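To be precise, the following lines are run-v1.tsv, and they hold TSV, C-alpha atoms (C1' of nucleotides).
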```tsv
chain	number	residue	atom	x	y	z
A	28	MET	CA	-8.25	-6.65	29.63
A	29	ASP	CA	-9.23	-6.68	25.98
A	30	GLU	CA	-7.47	-8.78	23.36
A	31	ARG	CA	-6.09	-5.75	21.56
A	32	ARG	CA	-4.25	-4.55	24.64
A	33	VAL	CA	-2.92	-8.01	25.50
A	34	ALA	CA	-1.55	-8.34	21.96
A	35	ALA	CA	0.13	-4.93	22.28
A	36	ILE	CA	1.81	-5.93	25.53
A	37	PHE	CA	3.24	-9.18	24.25
A	38	LYS	CA	4.28	-7.65	20.95
A	39	ALA	CA	7.18	-6.32	22.99
A	40	PHE	CA	8.59	-9.85	23.13
A	41	CYS	CA	7.90	-10.85	19.54
A	42	ASP	CA	10.88	-9.38	17.77
A	43	GLU	CA	14.46	-10.54	18.16
A	44	ASN	CA	15.89	-7.03	18.32
A	45	ARG	CA	13.39	-5.97	20.95
A	46	ILE	CA	14.31	-8.99	23.04
A	47	ARG	CA	17.97	-7.99	22.74
A	48	ILE	CA	17.08	-4.47	23.86
A	49	ILE	CA	15.18	-5.77	26.88
A	50	LYS	CA	18.09	-8.03	27.78
A	51	LEU	CA	20.45	-5.05	27.61
A	52	LEU	CA	18.20	-3.07	29.94
A	53	ARG	CA	18.34	-5.79	32.59
A	54	SER	CA	21.67	-4.36	33.71
A	55	GLY	CA	20.04	-0.98	34.31
A	56	GLU	CA	18.97	2.22	32.66
A	57	LYS	CA	20.62	3.01	29.32
A	58	CYS	CA	20.32	5.89	26.93
A	59	ALA	CA	19.33	5.36	23.31
A	60	CYS	CA	22.83	6.09	22.03
A	61	LYS	CA	24.23	3.30	24.18
A	62	LEU	CA	21.60	0.82	22.98
A	63	LEU	CA	22.31	1.89	19.44
A	64	GLU	CA	25.95	0.87	19.82
A	65	GLU	CA	24.96	-2.62	20.82
A	66	ILE	CA	22.18	-3.62	18.50
A	67	ASN	CA	22.73	-3.58	14.80
A	68	VAL	CA	20.07	-1.24	13.45
A	69	THR	CA	19.86	2.40	12.41
A	70	GLN	CA	18.80	5.10	14.84
A	71	PRO	CA	15.23	5.48	13.49
A	72	THR	CA	14.75	1.71	13.69
A	73	LEU	CA	15.84	1.72	17.30
A	74	SER	CA	13.47	4.60	17.96
A	75	HIS	CA	10.65	2.57	16.41
A	76	HIS	CA	11.36	-0.41	18.67
A	77	MET	CA	11.58	1.80	21.74
A	78	LYS	CA	8.15	3.17	20.92
A	79	ILE	CA	6.66	-0.32	20.78
A	80	LEU	CA	8.36	-1.25	24.05
A	81	CYS	CA	7.10	1.92	25.72
A	82	ASP	CA	3.57	1.47	24.34
A	83	ALA	CA	3.61	-2.03	25.84
A	84	GLU	CA	4.73	-0.35	29.07
A	85	ILE	CA	7.54	-2.87	29.43
A	86	VAL	CA	10.03	-0.02	29.15
A	87	VAL	CA	9.89	3.60	30.28
A	88	GLY	CA	11.85	6.53	28.88
A	89	ARG	CA	13.18	9.39	30.96
A	90	LYS	CA	14.23	12.54	29.14
A	91	GLU	CA	17.21	14.43	30.45
A	92	GLY	CA	18.38	17.28	28.27
A	93	LYS	CA	19.24	15.90	24.88
A	94	TRP	CA	19.22	12.33	26.05
A	95	THR	CA	16.52	9.77	26.65
A	96	HIS	CA	17.29	7.11	29.20
A	97	TYR	CA	15.37	3.87	28.96
A	98	SER	CA	14.78	1.29	31.62
A	99	ILE	CA	12.61	-1.72	32.32
A	100	SER	CA	9.33	-0.76	33.96
A	101	GLU	CA	8.77	-2.91	37.03
A	102	LYS	CA	5.15	-1.88	36.98
A	103	GLY	CA	4.68	-2.82	33.33
A	104	VAL	CA	6.47	-6.11	33.76
A	105	LYS	CA	4.24	-6.93	36.72
A	106	GLN	CA	1.20	-6.22	34.58
A	107	ALA	CA	2.51	-8.43	31.78
A	108	LYS	CA	3.10	-11.27	34.24
A	109	GLU	CA	-0.37	-10.91	35.69
A	110	CYS	CA	-1.78	-10.81	32.21
A	111	LEU	CA	0.03	-14.01	31.25
A	112	GLU	CA	-1.14	-15.63	34.48
A	113	GLN	CA	-4.74	-14.61	33.98
A	114	LEU	CA	-4.67	-15.72	30.38
A	115	THR	CA	-3.34	-19.19	31.03
A	116	THR	CA	-4.76	-20.40	34.32
A	117	LEU	CA	-7.36	-23.06	33.90
A	118	GLN	CA	-10.84	-22.38	35.19
A	119	VAL	CA	-11.65	-25.22	37.55
A	120	GLU	CA	-15.18	-23.97	38.12
A	121	HIS	CA	-18.37	-25.31	36.51
A	122	LYS	CA	-19.28	-28.13	34.19
A	123	ILE	CA	-16.98	-30.28	32.16
A	124	GLU	CA	-18.64	-29.92	28.81
A	125	SER	CA	-17.92	-32.85	26.58
A	126	CYS	CA	-16.82	-31.81	23.14
A	127	CYS	CA	-17.48	-34.03	20.12
A	128	GLU	CA	-19.15	-37.32	20.97
A	129	LYS	CA	-16.90	-40.36	20.71
B	25	MET	CA	17.26	-19.37	25.38
B	26	ASP	CA	17.92	-17.64	22.09
B	27	GLU	CA	15.99	-14.63	20.90
B	28	ARG	CA	14.41	-16.51	18.03
B	29	ARG	CA	12.78	-19.03	20.34
B	30	VAL	CA	11.61	-16.38	22.80
B	31	ALA	CA	9.96	-14.50	19.95
B	32	ALA	CA	8.24	-17.71	18.78
B	33	ILE	CA	6.85	-18.36	22.26
B	34	PHE	CA	5.39	-14.90	22.75
B	35	LYS	CA	4.06	-14.75	19.21
B	36	ALA	CA	1.31	-16.95	20.63
B	37	PHE	CA	-0.02	-13.91	22.50
B	38	CYS	CA	0.41	-11.35	19.73
B	39	ASP	CA	-2.75	-11.91	17.75
B	40	GLU	CA	-6.25	-11.10	18.93
B	41	ASN	CA	-7.76	-14.32	17.60
B	42	ARG	CA	-5.07	-16.44	19.24
B	43	ILE	CA	-5.73	-14.71	22.54
B	44	ARG	CA	-9.43	-15.52	22.14
B	45	ILE	CA	-8.54	-19.15	21.45
B	46	ILE	CA	-6.36	-19.34	24.55
B	47	LYS	CA	-9.12	-17.78	26.64
B	48	LEU	CA	-11.57	-20.39	25.32
B	49	LEU	CA	-9.19	-23.18	26.29
B	50	ARG	CA	-9.02	-21.98	29.89
B	51	SER	CA	-12.27	-23.80	30.52
B	52	GLY	CA	-10.71	-27.05	29.36
B	53	GLU	CA	-9.86	-29.13	26.33
B	54	LYS	CA	-11.80	-28.32	23.17
B	55	CYS	CA	-11.77	-29.79	19.70
B	56	ALA	CA	-11.10	-27.66	16.66
B	57	CYS	CA	-14.70	-27.76	15.50
B	58	LYS	CA	-15.85	-26.27	18.81
B	59	LEU	CA	-13.26	-23.51	18.64
B	60	LEU	CA	-14.31	-22.83	15.08
B	61	GLU	CA	-17.87	-22.17	16.21
B	62	GLU	CA	-16.70	-19.51	18.62
B	63	ILE	CA	-14.11	-17.50	16.80
B	64	ASN	CA	-14.97	-15.83	13.58
B	65	VAL	CA	-12.50	-17.27	11.07
B	66	THR	CA	-12.52	-20.01	8.46
B	67	GLN	CA	-11.31	-23.52	9.23
B	68	PRO	CA	-7.90	-23.14	7.52
B	69	THR	CA	-7.27	-19.92	9.43
B	70	LEU	CA	-8.04	-21.63	12.71
B	71	SER	CA	-5.72	-24.45	11.75
B	72	HIS	CA	-2.99	-21.91	11.04
B	73	HIS	CA	-3.39	-20.31	14.47
B	74	MET	CA	-3.42	-23.69	16.20
B	75	LYS	CA	-0.12	-24.48	14.55
B	76	ILE	CA	1.46	-21.29	15.88
B	77	LEU	CA	0.08	-21.97	19.35
B	78	CYS	CA	1.39	-25.53	19.28
B	79	ASP	CA	4.79	-24.44	17.96
B	80	ALA	CA	4.98	-22.02	20.87
B	81	GLU	CA	4.08	-25.00	23.08
B	82	ILE	CA	1.39	-22.95	24.78
B	83	VAL	CA	-1.18	-25.40	23.46
B	84	VAL	CA	-1.05	-29.13	22.79
B	85	GLY	CA	-3.18	-31.11	20.39
B	86	ARG	CA	-4.44	-34.62	21.05
B	87	LYS	CA	-5.70	-36.59	18.09
B	88	GLU	CA	-8.62	-38.91	18.61
B	89	GLY	CA	-10.05	-40.42	15.48
B	90	LYS	CA	-11.17	-37.67	13.20
B	91	TRP	CA	-10.94	-35.05	15.88
B	92	THR	CA	-8.12	-33.03	17.34
B	93	HIS	CA	-8.60	-31.86	20.89
B	94	TYR	CA	-6.62	-28.84	21.99
B	95	SER	CA	-5.74	-27.77	25.49
B	96	ILE	CA	-3.43	-25.38	27.29
B	97	SER	CA	-0.06	-26.94	28.00
B	98	GLU	CA	0.81	-26.43	31.64
B	99	LYS	CA	4.41	-27.25	30.82
B	100	GLY	CA	4.59	-24.74	27.97
B	101	VAL	CA	2.91	-22.04	30.03
B	102	LYS	CA	5.41	-22.65	32.82
B	103	GLN	CA	8.23	-22.23	30.35
B	104	ALA	CA	6.75	-18.99	29.00
B	105	LYS	CA	6.42	-17.62	32.52
B	106	GLU	CA	10.00	-18.54	33.37
B	107	CYS	CA	11.11	-16.98	30.12
B	108	LEU	CA	9.29	-13.74	30.89
B	109	GLU	CA	10.75	-13.77	34.39
B	110	GLN	CA	14.29	-14.36	33.18
B	111	LEU	CA	13.93	-11.70	30.51
B	112	THR	CA	12.72	-8.97	32.80
B	113	THR	CA	14.44	-9.35	36.15
B	114	LEU	CA	17.04	-6.72	36.77
B	115	GLN	CA	20.60	-7.83	37.30
B	116	VAL	CA	21.63	-6.38	40.65
B	117	GLU	CA	25.18	-7.67	40.26
B	118	HIS	CA	28.23	-5.65	39.22
B	119	LYS	CA	28.98	-2.01	38.43
B	120	ILE	CA	26.56	0.77	37.81
B	121	GLU	CA	27.90	2.00	34.52
B	122	SER	CA	27.06	5.62	33.92
B	123	CYS	CA	25.62	6.21	30.50
B	124	CYS	CA	26.06	9.56	28.80
B	125	GLU	CA	27.85	12.13	30.96
B	126	LYS	CA	25.62	14.84	32.36
C	10	DG	C1'	21.25	33.37	16.44
C	11	DC	C1'	23.78	29.36	14.37
C	12	DG	C1'	25.57	24.90	14.17
C	13	DT	C1'	25.65	20.48	16.41
C	14	DC	C1'	23.91	16.62	18.78
C	15	DG	C1'	20.30	13.18	20.29
C	16	DC	C1'	16.19	11.47	19.20
C	17	DA	C1'	11.49	11.35	16.81
C	18	DT	C1'	8.62	11.34	12.72
C	19	DA	C1'	7.34	10.62	7.73
C	20	DG	C1'	7.35	7.96	3.86
C	21	DA	C1'	8.64	4.11	1.11
C	22	DA	C1'	10.48	-0.63	0.20
C	23	DG	C1'	10.71	-5.30	1.42
C	24	DA	C1'	9.55	-9.14	4.50
C	25	DT	C1'	6.34	-11.43	7.34
C	26	DT	C1'	1.80	-12.59	8.80
C	27	DG	C1'	-3.32	-13.29	8.64
C	28	DT	C1'	-6.85	-14.56	5.85
C	29	DC	C1'	-9.44	-16.99	2.42
C	30	DA	C1'	-10.83	-20.56	-1.36
C	31	DA	C1'	-9.39	-24.73	-3.14
C	32	DT	C1'	-7.53	-29.02	-2.36
C	33	DA	C1'	-5.27	-32.86	0.09
C	34	DT	C1'	-5.00	-36.17	3.88
C	35	DG	C1'	-6.60	-39.19	7.18
C	36	DT	C1'	-10.53	-41.47	9.69
C	37	DA	C1'	-14.77	-43.48	10.29
C	38	DT	C1'	-19.29	-45.41	8.23
C	39	DT	C1'	-21.86	-47.82	4.97
D	16	DA	C1'	-14.48	-49.06	-2.20
D	17	DA	C1'	-17.23	-45.27	-1.83
D	18	DT	C1'	-18.71	-41.61	0.83
D	19	DA	C1'	-18.79	-38.30	4.47
D	20	DC	C1'	-16.49	-35.77	7.86
D	21	DA	C1'	-12.55	-33.29	10.60
D	22	DT	C1'	-8.50	-31.18	10.00
D	23	DA	C1'	-4.15	-29.88	7.45
D	24	DT	C1'	-1.81	-27.93	3.50
D	25	DT	C1'	-1.29	-24.97	-0.58
D	26	DG	C1'	-1.36	-20.83	-3.02
D	27	DA	C1'	-2.88	-16.13	-3.50
D	28	DC	C1'	-3.79	-11.70	-1.71
D	29	DA	C1'	-4.15	-8.01	1.73
D	30	DA	C1'	-2.66	-6.19	5.97
D	31	DT	C1'	0.87	-5.47	9.14
D	32	DC	C1'	5.60	-5.05	10.54
D	33	DT	C1'	10.61	-4.11	10.11
D	34	DT	C1'	13.79	-1.51	8.12
D	35	DC	C1'	15.84	2.15	5.70
D	36	DT	C1'	16.69	7.29	4.02
D	37	DA	C1'	15.37	11.84	4.56
D	38	DT	C1'	13.82	15.24	7.44
D	39	DG	C1'	12.10	17.63	11.68
D	40	DC	C1'	12.52	19.24	16.37
D	41	DG	C1'	14.20	20.39	20.85
D	42	DA	C1'	18.43	21.08	23.77
D	43	DC	C1'	22.92	22.65	24.24
D	44	DG	C1'	27.40	25.33	23.26
D	45	DC	C1'	29.48	28.94	20.74
```
Could you quickly redo this structure as structure tokens?
Amino acid sequence: MDERRVAAIFKAFCDENRIRIIKLLRSGEKCACKLLEEINVTQPTLSHHMKILCDAEIVVGRKEGKWTHYSISEKGVKQAKECLEQLTTLQVEHKIESCCEK
Amino acid sequence: MDERRVAAIFKAFCDENRIRIIKLLRSGEKCACKLLEEINVTQPTLSHHMKILCDAEIVVGRKEGKWTHYSISEKGVKQAKECLEQLTTLQVEHKIESCCEK
DNA sequence: GCGTCGCATAGAAGATTGTCAATATGTATT
DNA sequence: AATACATATTGACAATCTTCTATGCGACGC
């Protein structure tokens, strides 16, 4: 996965309001109006954050009539976890290249 | 863990150059000068990124004479993983509150 | 069709972040 | 102590991000 995409995924977790939104969604699907009641921003700002969360695929939106219901994407979360894993596991293979002579 | 701290941790993974740095460190400890050769930024910019990575505790620095050797912090990575886990696991407990009448 | 409601988009202001050049700090080496 | 080297800090600027107001758009009820 390229660096640009990785950055986009973890951007979901880089803003305090987005983290609050994710925490709210842990208890299940919620529509935007409900989220709006609980986090202290205007409606367009919420919409902006939801877009970032959806782009990161951490959250999915489901339209139903006038409403949009948001929920945590198990698939997206799995991908984020795998991404974090892949990014941070040490490569045991090959040479130990010494760096900067003593 | 409070939202501010969570955001600081995942900020480590929100910049393309920082992701490149982390990827480079997967193969083991590297000093700043070595990292500098491989990612296309000036020395102060690298230093800035290393500070963010260390603040997030994803990376640790080890000073040895003139040099600073950086490596991935297993402890910090573990914490980030746990944080991601805790942030994204659905709460099965209690009521299914309906949101927005049909 | 007309107004209302829920949400998205556009555009602008302010804050934060990434980057650089210049400089400072700390550590050898001579 | 004087110099050279590795890294950190400072200050400035540009880019990006968060937030707002204003507006647009689709869905529903009358």
List every residue of chain B that has an atom at most 9 Å from any atom of chain C, and for each one report the closest atom pair and its distance in Å to one decimal, counting only C-alpha atoms (C1' of nucleotides), with rows sorted by chain and then by increasing residue number, as a tab-separated table.
```
residue	atom	partner	partner_atom	distance
B:Val65	CA	C:DT28	C1'	8.2
B:Thr66	CA	C:DC29	C1'	7.4
B:Pro68	CA	C:DC29	C1'	8.1
B:Thr69	CA	C:DT28	C1'	6.5
B:His72	CA	C:DG27	C1'	9.0
B:Gly89	CA	C:DT36	C1'	5.9
B:Lys90	CA	C:DT36	C1'	5.2
B:Trp91	CA	C:DT36	C1'	8.9
```
Once you count only C-alpha atoms (C1' of nucleotides), what closest atom pair and distance in Å to one decimal does each residue of chain B within 12 Å of chain D have, with rows by chain and rising residue number, as JSON lines?
```
{"residue": "B:Asp39", "atom": "CA", "partner": "D:DT31", "partner_atom": "C1'", "distance": 11.3}
{"residue": "B:Cys55", "atom": "CA", "partner": "D:DA21", "partner_atom": "C1'", "distance": 9.8}
{"residue": "B:Ala56", "atom": "CA", "partner": "D:DT22", "partner_atom": "C1'", "distance": 8.0}
{"residue": "B:Cys57", "atom": "CA", "partner": "D:DA21", "partner_atom": "C1'", "distance": 7.7}
{"residue": "B:Lys58", "atom": "CA", "partner": "D:DA21", "partner_atom": "C1'", "distance": 11.3}
{"residue": "B:Leu60", "atom": "CA", "partner": "D:DT22", "partner_atom": "C1'", "distance": 11.4}
{"residue": "B:Thr66", "atom": "CA", "partner": "D:DT22", "partner_atom": "C1'", "distance": 12.0}
{"residue": "B:Gln67", "atom": "CA", "partner": "D:DT22", "partner_atom": "C1'", "distance": 8.2}
{"residue": "B:Pro68", "atom": "CA", "partner": "D:DA23", "partner_atom": "C1'", "distance": 7.7}
{"residue": "B:Thr69", "atom": "CA", "partner": "D:DA23", "partner_atom": "C1'", "distance": 10.6}
{"residue": "B:Leu70", "atom": "CA", "partner": "D:DT22", "partner_atom": "C1'", "distance": 9.9}
{"residue": "B:Ser71", "atom": "CA", "partner": "D:DA23", "partner_atom": "C1'", "distance": 7.1}
{"residue": "B:His72", "atom": "CA", "partner": "D:DA23", "partner_atom": "C1'", "distance": 8.8}
{"residue": "B:His73", "atom": "CA", "partner": "D:DA23", "partner_atom": "C1'", "distance": 11.9}
{"residue": "B:Met74", "atom": "CA", "partner": "D:DA23", "partner_atom": "C1'", "distance": 10.7}
{"residue": "B:Lys75", "atom": "CA", "partner": "D:DA23", "partner_atom": "C1'", "distance": 9.8}
{"residue": "B:Gly85", "atom": "CA", "partner": "D:DT22", "partner_atom": "C1'", "distance": 11.7}
{"residue": "B:Lys87", "atom": "CA", "partner": "D:DT22", "partner_atom": "C1'", "distance": 10.1}
{"residue": "B:Glu88", "atom": "CA", "partner": "D:DA21", "partner_atom": "C1'", "distance": 10.5}
{"residue": "B:Gly89", "atom": "CA", "partner": "D:DA21", "partner_atom": "C1'", "distance": 9.0}
{"residue": "B:Lys90", "atom": "CA", "partner": "D:DA21", "partner_atom": "C1'", "distance": 5.3}
{"residue": "B:Trp91", "atom": "CA", "partner": "D:DA21", "partner_atom": "C1'", "distance": 5.8}
{"residue": "B:Thr92", "atom": "CA", "partner": "D:DT22", "partner_atom": "C1'", "distance": 7.6}
{"residue": "B:His93", "atom": "CA", "partner": "D:DT22", "partner_atom": "C1'", "distance": 10.9}
{"residue": "B:Lys126", "atom": "CA", "partner": "D:DC43", "partner_atom": "C1'", "distance": 11.6}
```
Sort by chain and increasing residue number a table of all residues of chain B within 6 Å of chain A, each with its closest pair of atoms and their distance in Å to one decimal, counting only C-alpha atoms, and write it as a Markdown table.
```
| residue | atom | partner | partner_atom | distance |
| --- | --- | --- | --- | --- |
| B:Glu27 | CA | A:Glu43 | CA | 5.2 |
| B:Arg28 | CA | A:Glu43 | CA | 6.0 |
| B:Ala31 | CA | A:Cys41 | CA | 4.2 |
| B:Phe34 | CA | A:Cys41 | CA | 5.7 |
| B:Lys35 | CA | A:Cys41 | CA | 5.5 |
| B:Phe37 | CA | A:Ala34 | CA | 5.8 |
| B:Cys38 | CA | A:Ala34 | CA | 4.2 |
| B:Asp39 | CA | A:Ala34 | CA | 5.6 |
| B:Glu40 | CA | A:Glu30 | CA | 5.1 |
| B:Arg50 | CA | A:Leu117 | CA | 4.5 |
| B:Ser51 | CA | A:Gln118 | CA | 5.1 |
| B:Leu114 | CA | A:Arg53 | CA | 4.5 |
| B:Gln115 | CA | A:Ser54 | CA | 5.1 |
```
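Relative to atom CA of A:Cys110, atom CA of A:Glu84 is found at 12.7 Å.
One distance worth recording is that between atom CA of B:Cys78 and atom CA of B:Met25, which is 18.1 Å.
Pairwise distance (atom CA of B:Ile45, atom CA of B:Gln103) equals 19.2 Å.
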